[in-house]
file final-v7.csv (CSV, C-alpha atoms)
chain,number,residue,atom,x,y,z
A,150,MET,CA,-12.2,-26.3,-21.0
A,151,ALA,CA,-11.2,-25.6,-24.6
A,152,MET,CA,-11.5,-29.3,-25.4
A,153,LYS,CA,-15.3,-29.0,-24.7
A,154,ASN,CA,-15.8,-25.7,-26.5
A,155,ASP,CA,-15.1,-25.3,-30.2
A,156,ASN,CA,-14.9,-21.4,-30.1
A,157,LEU,CA,-12.3,-21.4,-27.3
A,158,LEU,CA,-10.3,-24.2,-28.9
A,159,ASN,CA,-10.3,-22.4,-32.3
A,160,LEU,CA,-9.1,-19.3,-30.6
A,161,LEU,CA,-6.3,-21.1,-28.8
A,162,LEU,CA,-5.1,-22.6,-32.1
A,163,ALA,CA,-5.3,-19.1,-33.8
A,164,TYR,CA,-3.4,-17.5,-30.9
A,165,SER,CA,-0.7,-20.1,-31.0
A,166,ALA,CA,-0.3,-19.9,-34.8
A,167,ALA,CA,-0.1,-16.1,-34.7
A,168,HIS,CA,2.4,-16.0,-31.9
A,169,ARG,CA,4.6,-18.7,-33.4
A,170,ALA,CA,4.8,-17.0,-36.7
A,171,ARG,CA,5.7,-13.6,-35.1
A,172,TYR,CA,8.3,-15.3,-32.9
A,173,LEU,CA,10.0,-16.9,-35.9
A,174,GLY,CA,9.6,-13.7,-38.0
A,175,HIS,CA,7.3,-15.3,-40.5
A,176,PRO,CA,4.1,-14.0,-42.0
A,177,GLY,CA,1.1,-15.2,-40.0
A,178,PRO,CA,-1.3,-17.8,-41.4
A,179,ARG,CA,-4.0,-15.2,-41.8
A,180,LEU,CA,-6.4,-17.2,-44.0
A,181,ARG,CA,-6.2,-20.2,-41.6
A,182,ILE,CA,-6.7,-18.0,-38.5
A,183,MET,CA,-9.7,-16.3,-40.2
A,184,THR,CA,-11.2,-19.7,-40.8
A,185,PHE,CA,-10.7,-20.6,-37.2
A,186,VAL,CA,-12.3,-17.5,-35.8
A,187,LYS,CA,-14.9,-16.3,-38.4
A,188,ASP,CA,-17.9,-17.4,-36.4
A,189,ILE,CA,-16.8,-16.4,-32.9
A,190,LEU,CA,-17.4,-12.6,-32.9
A,191,PRO,CA,-21.0,-12.9,-34.2
A,192,TYR,CA,-21.6,-15.6,-31.5
A,193,LEU,CA,-20.4,-13.3,-28.7
A,194,LEU,CA,-22.3,-10.3,-30.0
A,195,HIS,CA,-25.5,-12.4,-30.2
A,196,LEU,CA,-24.9,-13.6,-26.7
A,197,VAL,CA,-24.7,-10.1,-25.3
A,198,LYS,CA,-27.9,-9.1,-27.2
A,199,GLN,CA,-29.6,-12.3,-25.9
A,200,VAL,CA,-28.6,-11.7,-22.3
A,201,VAL,CA,-29.8,-8.1,-22.4
A,202,ASP,CA,-33.2,-9.3,-23.7
A,203,ASP,CA,-33.3,-12.2,-21.3
A,204,PRO,CA,-31.2,-11.9,-18.1
A,205,GLN,CA,-31.7,-15.6,-17.4
A,206,THR,CA,-29.5,-16.4,-20.4
A,207,VAL,CA,-26.6,-18.6,-19.3
A,208,ILE,CA,-23.1,-17.2,-19.9
A,209,SER,CA,-20.6,-20.0,-19.4
A,210,THR,CA,-17.1,-19.6,-18.2
A,211,ALA,CA,-15.9,-20.9,-21.6
A,212,ASP,CA,-17.9,-18.0,-23.2
A,213,LEU,CA,-16.2,-15.5,-21.0
A,214,ALA,CA,-12.7,-17.1,-21.6
A,215,THR,CA,-13.4,-16.8,-25.4
A,216,ALA,CA,-14.2,-13.1,-25.1
A,217,ILE,CA,-11.1,-12.4,-23.1
A,218,MET,CA,-8.9,-14.4,-25.5
A,219,MET,CA,-10.4,-12.5,-28.5
A,220,ALA,CA,-9.3,-9.2,-26.8
A,221,SER,CA,-5.9,-10.6,-26.0
A,222,LEU,CA,-5.3,-11.9,-29.6
A,223,GLU,CA,-6.2,-8.5,-31.0
A,224,ILE,CA,-3.7,-6.8,-28.6
A,225,VAL,CA,-0.7,-9.0,-29.3
A,226,SER,CA,-1.5,-9.6,-33.0
A,227,PRO,CA,-3.7,-6.8,-34.5
A,228,ALA,CA,-5.9,-7.7,-37.4
A,229,SER,CA,-5.2,-11.4,-37.0
A,230,LEU,CA,-9.0,-11.9,-36.5
A,231,GLY,CA,-9.6,-10.7,-40.1
A,232,HIS,CA,-11.5,-7.5,-39.2
A,233,SER,CA,-10.7,-3.9,-38.3
A,234,ILE,CA,-12.3,-3.9,-34.8
A,235,PRO,CA,-9.8,-2.4,-32.4
A,236,TRP,CA,-8.7,-4.0,-29.1
A,237,GLN,CA,-10.6,-1.4,-27.2
A,238,SER,CA,-13.9,-2.7,-28.6
A,239,HIS,CA,-13.0,-6.3,-27.7
A,240,LEU,CA,-12.2,-5.3,-24.2
A,241,ARG,CA,-15.6,-3.5,-24.0
A,242,LEU,CA,-17.4,-6.6,-25.3
A,243,ALA,CA,-15.7,-8.8,-22.7
A,244,ARG,CA,-16.6,-6.3,-20.0
A,245,GLU,CA,-20.2,-6.3,-21.1
A,246,ILE,CA,-20.3,-10.1,-20.8
A,247,ILE,CA,-18.8,-9.9,-17.3
A,248,VAL,CA,-21.3,-7.3,-16.2
A,249,HIS,CA,-24.3,-9.3,-17.5
A,250,ARG,CA,-23.1,-12.6,-16.2
A,251,PRO,CA,-24.8,-13.6,-13.0
A,252,GLY,CA,-22.2,-13.2,-10.3
A,253,GLY,CA,-19.9,-11.4,-12.6
A,254,LEU,CA,-16.3,-12.6,-12.4
A,255,ARG,CA,-14.8,-13.1,-9.0
A,256,ARG,CA,-11.6,-14.2,-7.5
A,257,LYS,CA,-12.6,-17.1,-5.3
A,258,HIS,CA,-10.0,-19.5,-4.1
A,259,SER,CA,-11.1,-23.1,-3.6
A,260,ASP,CA,-10.4,-26.6,-4.9
A,261,ASP,CA,-13.4,-26.3,-7.2
A,262,GLN,CA,-12.3,-26.4,-10.9
A,263,GLU,CA,-14.8,-23.7,-11.9
A,264,ASP,CA,-13.6,-21.4,-9.1
A,265,GLN,CA,-10.0,-22.0,-10.2
A,266,ALA,CA,-10.9,-21.1,-13.8
A,267,CYS,CA,-12.7,-18.0,-12.8
A,268,ALA,CA,-9.8,-16.9,-10.6
A,269,PHE,CA,-7.4,-17.3,-13.5
A,270,LEU,CA,-9.7,-15.4,-15.8
A,271,TRP,CA,-10.1,-12.6,-13.2
A,272,SER,CA,-6.3,-12.1,-13.2
A,273,TRP,CA,-6.0,-12.3,-16.9
A,274,PHE,CA,-8.7,-9.8,-17.7
A,275,ALA,CA,-7.9,-7.5,-14.8
A,276,TYR,CA,-4.4,-7.1,-16.3
A,277,LEU,CA,-5.8,-6.5,-19.8
A,278,ASP,CA,-8.7,-4.2,-18.9
A,279,VAL,CA,-6.9,-2.0,-16.3
A,280,LEU,CA,-3.7,-1.5,-18.4
A,281,GLY,CA,-6.0,-1.0,-21.4
A,282,SER,CA,-7.8,1.7,-19.5
A,283,LEU,CA,-4.5,3.4,-18.6
A,284,SER,CA,-3.3,3.3,-22.2
A,285,GLY,CA,-6.4,3.3,-24.3
A,286,GLY,CA,-6.8,6.9,-25.1
A,287,ARG,CA,-9.4,9.5,-24.0
A,288,GLY,CA,-12.9,8.0,-23.8
A,289,GLN,CA,-12.2,5.0,-26.0
A,290,LEU,CA,-13.1,2.3,-23.5
A,291,GLY,CA,-16.4,3.4,-22.1
A,292,PRO,CA,-17.1,2.9,-18.4
A,293,HIS,CA,-14.2,2.3,-16.1
A,294,SER,CA,-13.1,-1.1,-14.8
A,295,SER,CA,-15.4,-1.2,-11.7
A,296,TRP,CA,-16.0,-4.9,-12.2
A,297,VAL,CA,-12.6,-5.7,-10.6
A,298,PHE,CA,-13.8,-4.5,-7.2
A,299,GLY,CA,-16.4,-7.3,-6.9
A,300,SER,CA,-19.4,-6.7,-4.7
A,301,GLY,CA,-18.8,-3.2,-3.7
A,302,GLU,CA,-17.2,-0.1,-5.3
A,303,GLY,CA,-13.7,0.1,-4.1
A,304,GLU,CA,-14.0,-3.1,-2.2
A,305,SER,CA,-12.4,-6.4,-2.9
A,306,ASP,CA,-14.2,-9.8,-2.6
A,307,GLN,CA,-11.1,-11.2,-0.8
A,308,ASN,CA,-9.5,-10.5,2.5
A,309,SER,CA,-6.5,-8.2,2.8
A,310,GLU,CA,-4.1,-11.1,3.1
A,311,ASP,CA,-5.0,-12.3,-0.4
A,312,ASP,CA,-5.0,-8.8,-1.8
A,313,ASN,CA,-1.4,-8.3,-0.8
A,314,GLN,CA,-0.1,-11.5,-2.2
A,315,ILE,CA,1.7,-11.2,-5.6
A,316,ASP,CA,-0.5,-12.7,-8.3
A,317,CYS,CA,1.5,-15.1,-10.4
A,318,ILE,CA,-0.6,-14.3,-13.5
A,319,MET,CA,-0.4,-10.5,-13.3
A,320,GLY,CA,3.0,-10.1,-11.7
A,321,PHE,CA,1.7,-7.7,-9.0
A,322,THR,CA,-0.8,-7.8,-6.1
A,323,PRO,CA,-4.6,-7.5,-6.5
A,324,ARG,CA,-4.3,-4.5,-4.2
A,325,CYS,CA,-2.1,-2.9,-6.8
A,326,VAL,CA,-4.6,-3.6,-9.6
A,327,TYR,CA,-7.3,-1.9,-7.5
A,328,ILE,CA,-5.1,1.1,-7.2
A,329,LEU,CA,-4.2,1.1,-11.0
A,330,ALA,CA,-8.0,0.8,-11.8
A,331,LYS,CA,-8.7,3.9,-9.8
A,332,VAL,CA,-5.7,5.8,-11.2
A,333,ALA,CA,-7.0,4.9,-14.7
A,334,GLU,CA,-10.4,6.3,-13.9
A,335,LEU,CA,-9.0,9.6,-12.6
A,336,ALA,CA,-6.4,9.8,-15.4
A,337,ARG,CA,-9.0,9.4,-18.1
A,338,THR,CA,-11.2,12.1,-16.5
A,339,CYS,CA,-8.3,14.5,-16.1
A,340,ASP,CA,-6.9,13.9,-19.5
A,341,ALA,CA,-10.1,15.2,-21.0
A,342,LEU,CA,-9.6,18.4,-19.1
A,343,ARG,CA,-5.8,18.6,-19.1
A,344,ILE,CA,-5.4,18.1,-22.9
A,345,ASP,CA,-6.7,20.7,-25.3
A,346,PRO,CA,-8.7,18.8,-27.9
A,347,ALA,CA,-8.2,21.6,-30.5
A,348,THR,CA,-4.4,21.4,-30.3
A,349,ASN,CA,-3.9,18.0,-28.7
A,350,THR,CA,-1.4,19.5,-26.3
A,351,VAL,CA,-1.4,19.8,-22.5
A,352,ARG,CA,-2.9,23.1,-21.2
A,353,PRO,CA,-0.1,25.1,-19.5
A,354,GLY,CA,-0.4,25.2,-15.8
A,355,TRP,CA,-3.3,22.8,-15.6
A,356,ARG,CA,-4.2,21.5,-12.1
A,357,PRO,CA,-7.1,19.3,-10.9
A,358,ASP,CA,-10.0,20.6,-8.9
A,359,PRO,CA,-9.6,20.2,-5.0
A,360,ALA,CA,-11.8,17.2,-4.8
A,361,THR,CA,-9.9,15.3,-7.5
A,362,ALA,CA,-6.6,16.3,-5.9
A,363,ALA,CA,-7.7,15.0,-2.5
A,364,GLU,CA,-8.8,11.7,-4.1
A,365,ALA,CA,-5.4,11.5,-5.8
A,366,ILE,CA,-3.6,12.1,-2.5
A,367,GLU,CA,-5.6,9.3,-0.9
A,368,LEU,CA,-4.6,7.0,-3.8
A,369,ARG,CA,-1.0,7.9,-3.4
A,370,GLU,CA,-1.2,7.0,0.3
A,371,ALA,CA,-2.9,3.7,-0.6
A,372,ALA,CA,-0.1,2.9,-3.0
A,373,GLU,CA,2.6,3.7,-0.4
A,374,ARG,CA,0.9,1.5,2.1
A,375,SER,CA,0.7,-1.3,-0.4
A,376,LEU,CA,4.4,-0.8,-1.3
A,377,SER,CA,5.3,-1.2,2.4
A,378,GLU,CA,3.8,-4.7,2.5
A,379,PRO,CA,6.3,-7.6,2.5
A,380,ALA,CA,6.5,-9.5,-0.8
A,381,ARG,CA,4.5,-12.7,-0.6
A,382,PRO,CA,3.8,-15.0,-3.5
A,383,CYS,CA,0.2,-16.2,-4.0
A,384,ARG,CA,-1.1,-19.6,-3.0
A,385,HIS,CA,-0.5,-21.0,-6.5
A,386,VAL,CA,3.2,-20.6,-6.0
A,387,HIS,CA,3.1,-22.2,-2.5
A,388,ALA,CA,1.1,-25.1,-4.0
A,389,THR,CA,3.9,-26.0,-6.4
A,390,THR,CA,6.4,-28.7,-5.5
A,391,ASN,CA,9.4,-26.4,-5.8
A,392,VAL,CA,8.7,-23.0,-4.3
A,393,VAL,CA,12.4,-22.2,-4.3
A,394,LYS,CA,12.5,-21.9,-8.1
A,395,TRP,CA,10.4,-18.8,-7.9
A,396,ASP,CA,12.8,-15.9,-7.5
A,397,ARG,CA,11.2,-13.9,-4.7
A,398,ASP,CA,13.3,-10.8,-5.3
A,399,GLN,CA,12.3,-10.6,-9.0
A,400,MET,CA,8.7,-11.1,-8.0
A,401,ALA,CA,9.0,-8.3,-5.5
A,402,ALA,CA,10.8,-6.0,-8.0
A,403,THR,CA,8.0,-6.6,-10.6
A,404,ASN,CA,5.3,-5.8,-8.0
A,405,GLU,CA,7.1,-2.7,-6.9
A,406,ALA,CA,7.7,-1.5,-10.4
A,407,TYR,CA,3.9,-1.5,-11.1
A,408,HIS,CA,3.2,0.4,-7.9
A,409,TRP,CA,5.8,3.1,-8.9
A,410,ALA,CA,4.3,3.2,-12.4
A,411,ALA,CA,0.9,3.9,-10.8
A,412,LEU,CA,2.4,6.8,-8.9
A,413,ILE,CA,3.9,8.3,-12.0
A,414,HIS,CA,0.5,8.2,-13.8
A,415,LEU,CA,-1.1,9.7,-10.8
A,416,HIS,CA,1.4,12.5,-10.4
A,417,ARG,CA,1.7,13.3,-14.1
A,418,ARG,CA,-1.9,12.8,-15.4
A,419,VAL,CA,-4.0,13.5,-12.4
A,420,LEU,CA,-2.0,16.0,-10.3
A,421,GLY,CA,-0.5,17.6,-13.4
A,422,LEU,CA,3.1,17.6,-12.1
A,423,PRO,CA,6.0,18.1,-14.6
A,424,SER,CA,8.6,15.5,-15.4
A,425,ASP,CA,11.3,17.2,-13.4
A,426,HIS,CA,9.2,17.2,-10.2
A,427,ASP,CA,10.6,15.0,-7.4
A,428,ASP,CA,7.3,13.2,-7.1
A,429,VAL,CA,7.9,12.0,-10.7
A,430,ARG,CA,11.7,11.7,-10.7
A,431,VAL,CA,11.8,9.5,-7.6
A,432,PRO,CA,9.3,6.8,-8.9
A,433,VAL,CA,11.2,6.8,-12.3
A,434,GLY,CA,14.4,6.1,-10.4
A,435,LYS,CA,12.7,3.4,-8.4
A,436,ILE,CA,11.6,1.6,-11.5
A,437,LEU,CA,15.1,1.7,-12.9
A,438,SER,CA,16.3,0.2,-9.7
A,439,CYS,CA,13.7,-2.5,-9.9
A,440,LEU,CA,14.9,-3.3,-13.4
A,441,ASP,CA,18.4,-3.8,-12.1
A,442,ARG,CA,17.0,-6.7,-10.0
A,443,ILE,CA,15.3,-8.4,-13.0
A,444,GLU,CA,17.2,-10.9,-15.0
A,445,ARG,CA,17.8,-9.8,-18.6
A,446,GLY,CA,15.9,-11.9,-21.1
A,447,GLY,CA,14.1,-13.7,-18.2
A,448,THR,CA,10.4,-14.3,-17.8
A,449,ALA,CA,9.9,-11.5,-15.3
A,450,GLU,CA,11.3,-9.0,-17.9
A,451,THR,CA,8.5,-9.8,-20.3
A,452,CYS,CA,6.0,-8.6,-17.8
A,453,LEU,CA,7.5,-5.2,-17.3
A,454,LEU,CA,6.6,-3.3,-20.5
A,455,PHE,CA,4.1,-1.0,-18.7
A,456,PRO,CA,6.6,0.2,-16.0
A,457,MET,CA,9.5,0.4,-18.5
A,458,PHE,CA,7.4,2.5,-20.9
A,459,THR,CA,6.0,4.7,-18.1
A,460,ALA,CA,9.5,5.5,-16.7
A,461,GLY,CA,11.1,5.6,-20.2
A,462,CYS,CA,8.8,8.4,-21.4
A,463,GLU,CA,9.9,10.6,-18.5
A,464,LEU,CA,13.7,10.1,-19.0
A,465,THR,CA,15.8,12.9,-20.4
A,466,ASN,CA,19.3,11.4,-20.0
A,467,ASP,CA,20.6,9.7,-23.1
A,468,THR,CA,22.4,6.9,-21.2
A,469,ALA,CA,19.3,6.0,-19.2
A,470,ARG,CA,17.2,6.1,-22.3
A,471,ALA,CA,19.5,3.8,-24.1
A,472,ALA,CA,19.5,1.3,-21.2
A,473,ILE,CA,15.7,1.1,-21.0
A,474,LEU,CA,15.4,0.9,-24.8
A,475,GLU,CA,17.7,-2.1,-24.7
A,476,ARG,CA,15.4,-3.8,-22.2
A,477,VAL,CA,12.3,-3.0,-24.2
A,478,ARG,CA,13.9,-4.4,-27.4
A,479,THR,CA,14.7,-7.6,-25.6
A,480,VAL,CA,11.0,-8.0,-24.7
A,481,GLU,CA,10.1,-7.1,-28.3
A,482,LYS,CA,11.9,-10.3,-29.4
A,483,THR,CA,9.2,-12.4,-27.8
A,484,GLY,CA,6.9,-11.6,-30.7
A,485,MET,CA,4.3,-9.5,-29.0
A,486,THR,CA,3.2,-6.8,-31.4
A,487,GLN,CA,2.1,-4.4,-28.7
A,488,VAL,CA,5.7,-4.2,-27.5
A,489,SER,CA,6.9,-2.8,-30.9
A,490,GLY,CA,4.1,-0.2,-30.8
A,491,ALA,CA,5.0,0.9,-27.3
A,492,ARG,CA,8.7,1.1,-28.1
A,493,LYS,CA,8.0,3.3,-31.2
A,494,LEU,CA,5.7,5.6,-29.2
A,495,MET,CA,8.4,6.0,-26.5
A,496,GLU,CA,11.0,6.9,-29.1
A,497,LYS,CA,8.5,9.4,-30.6
A,498,VAL,CA,8.1,11.0,-27.2
A,499,TRP,CA,11.9,11.4,-27.0
A,500,ARG,CA,12.1,13.0,-30.5
A,501,GLU,CA,9.1,15.4,-30.1
A,502,GLY,CA,9.3,16.2,-26.4
A,503,GLN,CA,5.6,15.8,-25.9
A,504,PRO,CA,3.7,13.7,-23.3
A,505,TRP,CA,2.9,10.2,-24.6
A,506,GLU,CA,-0.8,10.7,-24.0
A,507,THR,CA,-0.9,13.4,-26.7
A,508,LEU,CA,0.9,11.1,-29.3
A,509,LEU,CA,-1.1,8.0,-28.6
A,510,SER,CA,-2.8,6.2,-31.5
A,511,THR,CA,-3.8,2.5,-31.1
A,512,GLU,CA,-1.0,1.4,-28.8
A,513,PHE,CA,-1.7,-1.0,-25.9
A,514,ILE,CA,1.0,-0.4,-23.2
A,515,GLY,CA,1.3,-3.7,-21.3
call {"tool": "encode", "arguments": {"input": "final-v7.csv", "output": "structure tokens"}}
result
Amino acid sequence: MAMKNDNLLNLLLAYSAAHRARYLGHPGPRLRIMTFVKDILPYLLHLVKQVVDDPQTVISTADLATAIMMASLEIVSPASLGHSIPWQSHLRLAREIIVHRPGGLRRKHSDDQEDQACAFLWSWFAYLDVLGSLSGGRGQLGPHSSWVFGSGEGESDQNSEDDNQIDCIMGFTPRCVYILAKVAELARTCDALRIDPATNTVRPGWRPDPATAAEAIELREAAERSLSEPARPCRHVHATTNVVKWDRDQMAATNEAYHWAALIHLHRRVLGLPSDHDDVRVPVGKILSCLDRIERGGTAETCLLFPMFTAGCELTNDTARAAILERVRTVEKTGMTQVSGARKLMEKVWREGQPWETLLSTEFIG
């Protein structure tokens, strides 16, 4: 696809150059990257304006991939694009392109190359957008990630069997991403009520209204049902010549960790429970148990920043904090800038004893 689209190819080159430099601990080739990408953002902004004025405007899959990669590059390497536009704005732009694209972005499994590309982009952007909604601050991302549900609010375009297969791009099931998206929507609504804007502190004794609490309980039950499903890899894994090389236990542990993280966000940010409540402490312990099943320095570990951060912020024991900090620092060595930001925020939470949501600045947790 990139070989047929200059914008996407330039972004791939910029992404590779930025990551390689960070991985080696070298300054990034900022001037060269800016040269690669200088025309891309104006093109995408014009495309959105054009499709608003004329709904018949064609938005290609390559255009959509370009918008998603722009957001991804800003997350893993802030300011590499040569401007001060935050990653939240890039996610919003990509979402607008999806919303205005005929048919949106669907997970459709077939042998058709276009369908395969869209399925990959769905997984990639669902991960970025939903985790961004969970970590992007109060009101910074605009409308919630309803696009992930496909044709109907709260409904997937796929059957339940596909929804409960562990996606090899995200590291967890589509069912889990639907749950995370709904948790993010509730959390952002409740954060605006739970956190006093004048003091930027949590209002003592805050609890949600009965309707919100009932919705949260339904979500908790959905997460528990999803957790009870047996771990099954997606069809991409089955299509490989060597399925055995995929460690099913590590895949299952990663999927479980994201479910437990969803429950922590639900209990803390929506239901307003304290860190020492059993409904918070148990999921934290479950995430730590999941980490014990993940190889240190392995590929699966690099996918676990969100659960590690979520659990780490609730820890009070110095030994447990040191253990999770070690795992986060290992992931940090991969050269992804957002990991450093999350690690520093987690340590700030420990020093100041305040919830991470009240200390958040520009961090992307994922």
call {"tool": "closest_residue", "arguments": {"input": "final-v7.csv", "among": "A:Val498, A:Ala163, A:Ile514, A:Ile344", "to": "A:Phe458", "atoms": "all atoms listed in the file"}}
result
A:Ile514
call {"tool": "closest_residue", "arguments": {"input": "final-v7.csv", "among": "A:Asp316, A:Glu501, A:Asp398, A:Glu481", "to": "A:Cys462", "atoms": "only C-alpha atoms"}}
result
A:Glu501
call {"tool": "closest_residue", "arguments": {"input": "final-v7.csv", "among": "A:Arg256, A:His175, A:Arg169, A:Arg430", "to": "A:Thr483", "atoms": "all atoms listed in the file"}}
result
A:Arg169
call {"tool": "closest_residue", "arguments": {"input": "final-v7.csv", "among": "A:Leu222, A:Leu453, A:Ile315, A:Ala214", "to": "A:Arg244", "atoms": "only C-alpha atoms"}}
result
A:Ala214
call {"tool": "residues_around", "arguments": {"input": "final-v7.csv", "residues": "A:Gly281", "least_positions_apart": "4", "cutoff": "8 Å", "atoms": "all atoms listed in the file", "output": "ChimeraX atom specification"}}
result
/A:237,277,285,513-515
call {"tool": "decode", "arguments": {"input": "final-v7.csv", "residues": "stretch 237-275 of chain A", "atoms": "C-alpha atoms", "output": "PDB file, in the first residue's frame"}}
result
ATOM      1  CA  GLN A 237      -5.168  13.888  20.937  1.00  0.00           C
ATOM      2  CA  SER A 238      -5.761  16.136  17.926  1.00  0.00           C
ATOM      3  CA  HIS A 239      -4.263  13.560  15.580  1.00  0.00           C
ATOM      4  CA  LEU A 240      -6.554  10.879  16.988  1.00  0.00           C
ATOM      5  CA  ARG A 241      -9.511  13.208  16.539  1.00  0.00           C
ATOM      6  CA  LEU A 242      -8.537  13.835  12.922  1.00  0.00           C
ATOM      7  CA  ALA A 243      -8.240  10.108  12.198  1.00  0.00           C
ATOM      8  CA  ARG A 244     -11.610   9.521  13.827  1.00  0.00           C
ATOM      9  CA  GLU A 245     -13.216  12.214  11.681  1.00  0.00           C
ATOM     10  CA  ILE A 246     -11.845  10.537   8.572  1.00  0.00           C
ATOM     11  CA  ILE A 247     -13.329   7.206   9.707  1.00  0.00           C
ATOM     12  CA  VAL A 248     -16.703   8.764  10.491  1.00  0.00           C
ATOM     13  CA  HIS A 249     -16.918  10.487   7.088  1.00  0.00           C
ATOM     14  CA  ARG A 250     -15.629   7.511   5.137  1.00  0.00           C
ATOM     15  CA  PRO A 251     -18.449   5.544   3.469  1.00  0.00           C
ATOM     16  CA  GLY A 252     -18.724   2.323   5.451  1.00  0.00           C
ATOM     17  CA  GLY A 253     -16.427   3.651   8.165  1.00  0.00           C
ATOM     18  CA  LEU A 254     -13.795   1.148   9.250  1.00  0.00           C
ATOM     19  CA  ARG A 255     -14.914  -2.433   9.783  1.00  0.00           C
ATOM     20  CA  ARG A 256     -13.363  -5.693  10.858  1.00  0.00           C
ATOM     21  CA  LYS A 257     -14.246  -7.935   7.941  1.00  0.00           C
ATOM     22  CA  HIS A 258     -12.361 -11.187   7.602  1.00  0.00           C
ATOM     23  CA  SER A 259     -11.904 -12.447   4.064  1.00  0.00           C
ATOM     24  CA  ASP A 260      -9.172 -13.220   1.556  1.00  0.00           C
ATOM     25  CA  ASP A 261      -9.703  -9.854  -0.101  1.00  0.00           C
ATOM     26  CA  GLN A 262      -6.605  -7.654   0.280  1.00  0.00           C
ATOM     27  CA  GLU A 263      -8.655  -4.524   0.985  1.00  0.00           C
ATOM     28  CA  ASP A 264     -10.624  -6.288   3.730  1.00  0.00           C
ATOM     29  CA  GLN A 265      -7.409  -7.574   5.279  1.00  0.00           C
ATOM     30  CA  ALA A 266      -5.919  -4.063   5.278  1.00  0.00           C
ATOM     31  CA  CYS A 267      -9.055  -2.634   6.907  1.00  0.00           C
ATOM     32  CA  ALA A 268      -9.082  -5.365   9.561  1.00  0.00           C
ATOM     33  CA  PHE A 269      -5.472  -4.518  10.425  1.00  0.00           C
ATOM     34  CA  LEU A 270      -6.222  -0.780  10.572  1.00  0.00           C
ATOM     35  CA  TRP A 271      -9.283  -1.462  12.746  1.00  0.00           C
ATOM     36  CA  SER A 272      -7.139  -3.268  15.314  1.00  0.00           C
ATOM     37  CA  TRP A 273      -4.380  -0.661  15.194  1.00  0.00           C
ATOM     38  CA  PHE A 274      -6.644   2.367  15.571  1.00  0.00           C
ATOM     39  CA  ALA A 275      -8.990   0.714  18.088  1.00  0.00           C
TER      40      ALA A 275
END
